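Undergrad: Structure incoming, see below.
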2 protein chains.
Amino acid sequence: MKRNSRLSLALHTLSHTADDPERVRTSTEIAEHAGTNPVVVRRVLDRLRAAGLLTSERGHAGGWCLARGPREITLADVYRARDERLVATDETGVASACLVEHALQRRVSGMLEDIEHSRVERLGETSIAEVRHA
Amino acid sequence: MKRNSRLSLALHTLSHTADDPERVRTSTEIAEHAGTNPVVVRRVLDRLRAAGLLTSERGHAGGWCLARGPREITLADVYRARDERLVATDETGVASACLVEHALQRRVSGMLEDIEHSRVERLGETSIAEVRHA
DNA sequence: GATATTTGCAACCGGTACAGTTACGTAAAT
DNA sequence: ATTTACGTAACTGTACCGGTTGCAAATATC
């Protein structure tokens, strides 16, 4: 697959389901379209379901569906649904004895957090329904 | 060591050298302070030297020194000195046949670029000399 | 009830990235 | 010549991730 694939795959999938919200899609189908593996798809989509963006049904005629209207799901929702953070703020819990280190941690990670927030805010301005008309 | 250590180590080291710019520090000394290994320190500091932020002298009484005044080095300089990008914009060159994918790429990666710029901009507002007084 | 389909999940493989470590070469001061 | 310290290459261990396989559980169809 390609780089940054988790977010990319999530967005791609949601955008397509937004195209035709009634249609139920299997992970196999999605995987073929995305050029990857059904299990990988499920792994990514698991998180979107946990975040309440998708629902899945097992068994015959099962598959994946949008949990709410495509206009009610923003890029920020998708972004937040990944549990990972791109900023990677330290958080090892080990308190350094070094004062400079403390000051750095506070300043830099605070700064990156701010940026993170503004990023998510901007992503929130676009719903997955309108991505195609970008 | 800890996560995000390259940037962290770079910033930490530079902040300390900014404290007393005349003093020459060996990688062993820096490594001990940072709780890591001299070779690791040199690897990270290599990039800072390539970026013109530090100089190094070999041999007896050699070591590392600031290449310019601590007020002329910003956090953005350090951030840029790492060659890596945190955003990881796709760039595999493979053109997808999927129009939605195209639109997504354009919109999302454009947005991430913006954020990257604003991040660097904000980091540029602080010099390593003033980090301690945060 | 048997069968086919599809998610759910765990285990494992292969590749990549990185910190850590060891070892050795090179340069400079004493 | 010796000592010091950078420069660099090689190897290790770990972590993460995409890919893959296998199997259990659930559900629709026959």
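Residues in the structure tokens are numbered from 1 in each chain, the chains being A, B, ... in the order shown, and ligands are numbered from 1 in the order shown.
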Superposing chain A on chain B by least squares with every Cα paired in order, what RMSD results?

TA: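 So the superposition leaves a C-alpha RMSD of 0.4 Å.
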
Undergrad: Would you kindly report the residues of chain C within 12 Å of chain A, using only C-alpha atoms (C1' of nucleotides), as a PDB file with C-alpha atoms (C1' of nucleotides), in the first residue's frame?

TA:
```
ATOM      1  C1'  DT C   3     -24.461 -24.090   3.246  1.00  0.00           C
ATOM      2  C1'  DA C   4     -22.555 -19.827   1.835  1.00  0.00           C
ATOM      3  C1'  DT C   5     -21.191 -15.351   3.104  1.00  0.00           C
ATOM      4  C1'  DT C   6     -19.099 -11.906   5.918  1.00  0.00           C
ATOM      5  C1'  DT C   7     -17.353  -9.859  10.041  1.00  0.00           C
ATOM      6  C1'  DG C   8     -14.187 -10.555  14.182  1.00  0.00           C
ATOM      7  C1'  DC C   9      -9.998 -11.853  15.817  1.00  0.00           C
ATOM      8  C1'  DA C  10      -5.560 -13.857  16.706  1.00  0.00           C
ATOM      9  C1'  DT C  16      11.204  -0.291   7.684  1.00  0.00           C
TER      10       DT C  16
END
```

Undergrad: Contacts of DT12 (chain D) at 12 Å or less, counting only C-alpha atoms (C1' of nucleotides), minus same-chain residues fewer than 4 places along, as a PyMOL selection string?

TA: chain C and resi 18-22

Undergrad: Using only C-alpha atoms (C1' of nucleotides) for the distances, tell me which of B:Leu99, B:Thr55, B:Arg23, B:Leu14 is nearest to chain D.

TA: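 The answer is B:Thr55, which sits nearest to chain D.
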
Undergrad: Suppose you want the space between CA of Leu48 (chain B) and CA of Asp77 (chain B); what is it in Å?

TA: 8.9 Å

Undergrad: Could you build a table of the residues in chain D lying no more than 10 Å from chain A, giving for each the nearest pair of atoms and their separation in Å rounded to one decimal place, using only C-alpha atoms (C1' of nucleotides), ordered by chain and ascending residue number, as CSV?

TA:
```
residue,atom,partner,partner_atom,distance
D:DC17,C1',A:Arg6,CA,9.9
D:DG18,C1',A:Met1,CA,7.2
D:DG19,C1',A:Asn37,CA,7.1
D:DT20,C1',A:Asn37,CA,8.5
D:DA25,C1',A:Arg58,CA,8.9
D:DA26,C1',A:Gly59,CA,5.5
D:DT27,C1',A:Gly59,CA,4.2
D:DA28,C1',A:His60,CA,4.9
D:DT29,C1',A:His60,CA,8.4
```

Undergrad: Take the residues from that selection and write them out as a PDB file, in the first residue's frame, keeping N, CA and C atoms (P, O5', C5', C4', C3', O3' and C1' of nucleotides).

TA:
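Below you can see selection33.pdb, which holds the result:
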```pdb
ATOM      1  P    DC D  17       1.623   1.796  14.089  1.00  0.00           P
ATOM      2  O5'  DC D  17       1.608   1.201  12.626  1.00  0.00           O
ATOM      3  C5'  DC D  17       2.626   1.599  11.710  1.00  0.00           C
ATOM      4  C4'  DC D  17       2.627   0.670  10.526  1.00  0.00           C
ATOM      5  C3'  DC D  17       1.235   0.151  10.167  1.00  0.00           C
ATOM      6  O3'  DC D  17       1.022   0.347   8.792  1.00  0.00           O
ATOM      7  C1'  DC D  17       2.774  -1.627  10.302  1.00  0.00           C
ATOM      8  P    DG D  18      -0.496   0.449   8.233  1.00  0.00           P
ATOM      9  O5'  DG D  18      -0.425  -0.492   6.957  1.00  0.00           O
ATOM     10  C5'  DG D  18       0.612  -0.284   6.019  1.00  0.00           C
ATOM     11  C4'  DG D  18       0.908  -1.566   5.288  1.00  0.00           C
ATOM     12  C3'  DG D  18      -0.330  -2.261   4.706  1.00  0.00           C
ATOM     13  O3'  DG D  18      -0.070  -2.603   3.355  1.00  0.00           O
ATOM     14  C1'  DG D  18       0.883  -3.762   6.099  1.00  0.00           C
ATOM     15  P    DG D  19      -1.161  -3.351   2.506  1.00  0.00           P
ATOM     16  O5'  DG D  19      -0.783  -4.876   2.720  1.00  0.00           O
ATOM     17  C5'  DG D  19       0.532  -5.314   2.365  1.00  0.00           C
ATOM     18  C4'  DG D  19       0.665  -6.787   2.658  1.00  0.00           C
ATOM     19  C3'  DG D  19      -0.521  -7.643   2.168  1.00  0.00           C
ATOM     20  O3'  DG D  19      -0.047  -8.652   1.296  1.00  0.00           O
ATOM     21  C1'  DG D  19       0.044  -8.149   4.420  1.00  0.00           C
ATOM     22  P    DT D  20      -1.099  -9.579   0.546  1.00  0.00           P
ATOM     23  O5'  DT D  20      -1.219 -10.853   1.488  1.00  0.00           O
ATOM     24  C5'  DT D  20      -0.031 -11.519   1.934  1.00  0.00           C
ATOM     25  C4'  DT D  20      -0.371 -12.618   2.934  1.00  0.00           C
ATOM     26  C3'  DT D  20      -1.631 -13.423   2.586  1.00  0.00           C
ATOM     27  O3'  DT D  20      -1.238 -14.731   2.219  1.00  0.00           O
ATOM     28  C1'  DT D  20      -1.489 -12.899   4.917  1.00  0.00           C
ATOM     29  P    DA D  25     -17.142 -20.013  18.336  1.00  0.00           P
ATOM     30  O5'  DA D  25     -17.900 -18.766  17.700  1.00  0.00           O
ATOM     31  C5'  DA D  25     -17.479 -17.458  18.040  1.00  0.00           C
ATOM     32  C4'  DA D  25     -18.362 -16.438  17.346  1.00  0.00           C
ATOM     33  C3'  DA D  25     -19.859 -16.750  17.423  1.00  0.00           C
ATOM     34  O3'  DA D  25     -20.574 -15.554  17.658  1.00  0.00           O
ATOM     35  C1'  DA D  25     -19.197 -16.551  15.165  1.00  0.00           C
ATOM     36  P    DA D  26     -22.123 -15.608  18.024  1.00  0.00           P
ATOM     37  O5'  DA D  26     -22.774 -14.915  16.748  1.00  0.00           O
ATOM     38  C5'  DA D  26     -22.352 -13.606  16.382  1.00  0.00           C
ATOM     39  C4'  DA D  26     -22.846 -13.292  14.976  1.00  0.00           C
ATOM     40  C3'  DA D  26     -24.349 -13.486  14.753  1.00  0.00           C
ATOM     41  O3'  DA D  26     -24.841 -12.340  14.085  1.00  0.00           O
ATOM     42  C1'  DA D  26     -23.121 -14.607  13.087  1.00  0.00           C
ATOM     43  P    DT D  27     -26.407 -11.911  14.282  1.00  0.00           P
ATOM     44  O5'  DT D  27     -26.979 -12.090  12.812  1.00  0.00           O
ATOM     45  C5'  DT D  27     -26.341 -11.427  11.731  1.00  0.00           C
ATOM     46  C4'  DT D  27     -26.607 -12.146  10.435  1.00  0.00           C
ATOM     47  C3'  DT D  27     -28.076 -12.559  10.204  1.00  0.00           C
ATOM     48  O3'  DT D  27     -28.532 -11.918   9.035  1.00  0.00           O
ATOM     49  C1'  DT D  27     -26.582 -14.247   9.543  1.00  0.00           C
ATOM     50  P    DA D  28     -30.098 -11.666   8.787  1.00  0.00           P
ATOM     51  O5'  DA D  28     -30.238 -12.147   7.274  1.00  0.00           O
ATOM     52  C5'  DA D  28     -29.308 -11.668   6.311  1.00  0.00           C
ATOM     53  C4'  DA D  28     -29.179 -12.661   5.169  1.00  0.00           C
ATOM     54  C3'  DA D  28     -30.531 -13.164   4.601  1.00  0.00           C
ATOM     55  O3'  DA D  28     -30.518 -13.018   3.189  1.00  0.00           O
ATOM     56  C1'  DA D  28     -29.133 -15.004   5.161  1.00  0.00           C
ATOM     57  P    DT D  29     -31.831 -13.265   2.382  1.00  0.00           P
ATOM     58  O5'  DT D  29     -31.527 -14.697   1.768  1.00  0.00           O
ATOM     59  C5'  DT D  29     -30.274 -14.913   1.078  1.00  0.00           C
ATOM     60  C4'  DT D  29     -30.143 -16.358   0.669  1.00  0.00           C
ATOM     61  C3'  DT D  29     -31.419 -16.988   0.089  1.00  0.00           C
ATOM     62  O3'  DT D  29     -31.098 -17.705  -1.098  1.00  0.00           O
ATOM     63  C1'  DT D  29     -30.555 -18.353   1.799  1.00  0.00           C
TER      64       DT D  29
END
```

Undergrad: In Å to one decimal, how far is CA of Arg25 (chain A) from CA of Leu123 (chain A)?

TA: 25.4 Å

Undergrad: Write out as a PyMOL selection string all residues of chain B that backbone DSSP assigns to alpha helix (DSSP H).

TA: chain B and resi 5-19+27-34+38-50+75-81+99-104+110-123

Undergrad: Run DSSP on the backbone of this structure and report the residues of chain B it assigns to strand (DSSP E or B), as a list of chain:residue names.

TA: B:Arg25, B:Leu54, B:Thr55, B:Ser56, B:Glu57, B:Gly63, B:Trp64, B:Cys65, B:Leu66, B:Thr74, B:Ser127

Undergrad: What would the file look like if the residues just selected were written as a JSON list (two decimals), in the first residue's frame with C-alpha atoms?

TA:
```
[["chain", "number", "residue", "atom", "x", "y", "z"],
["B", 25, "ARG", "CA", 31.06, 20.05, 24.68],
["B", 54, "LEU", "CA", 26.60, 23.74, 15.16],
["B", 55, "THR", "CA", 30.27, 23.25, 14.43],
["B", 56, "SER", "CA", 32.43, 20.38, 15.55],
["B", 57, "GLU", "CA", 36.18, 20.05, 16.03],
["B", 63, "GLY", "CA", 33.78, 19.00, 20.60],
["B", 64, "TRP", "CA", 30.63, 20.86, 19.65],
["B", 65, "CYS", "CA", 29.89, 24.57, 19.57],
["B", 66, "LEU", "CA", 27.13, 26.88, 18.38],
["B", 74, "THR", "CA", 15.09, 29.56, 16.28],
["B", 127, "SER", "CA", 14.97, 31.47, 19.64]]
```

Undergrad: So, counting only C-alpha atoms, which residue among B:Ile128, B:Val100, B:Ala10, B:Val78 is closest to chain A?

TA: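 Closest to chain A, using only C-alpha atoms: B:Val100.
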
Undergrad: For CA of Ala31 (chain A) and CA of Ala97 (chain B), quote the distance in Å rounded to one decimal.

TA: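 Separation of CA of Ala31 (chain A) and CA of Ala97 (chain B): 14.8 Å.
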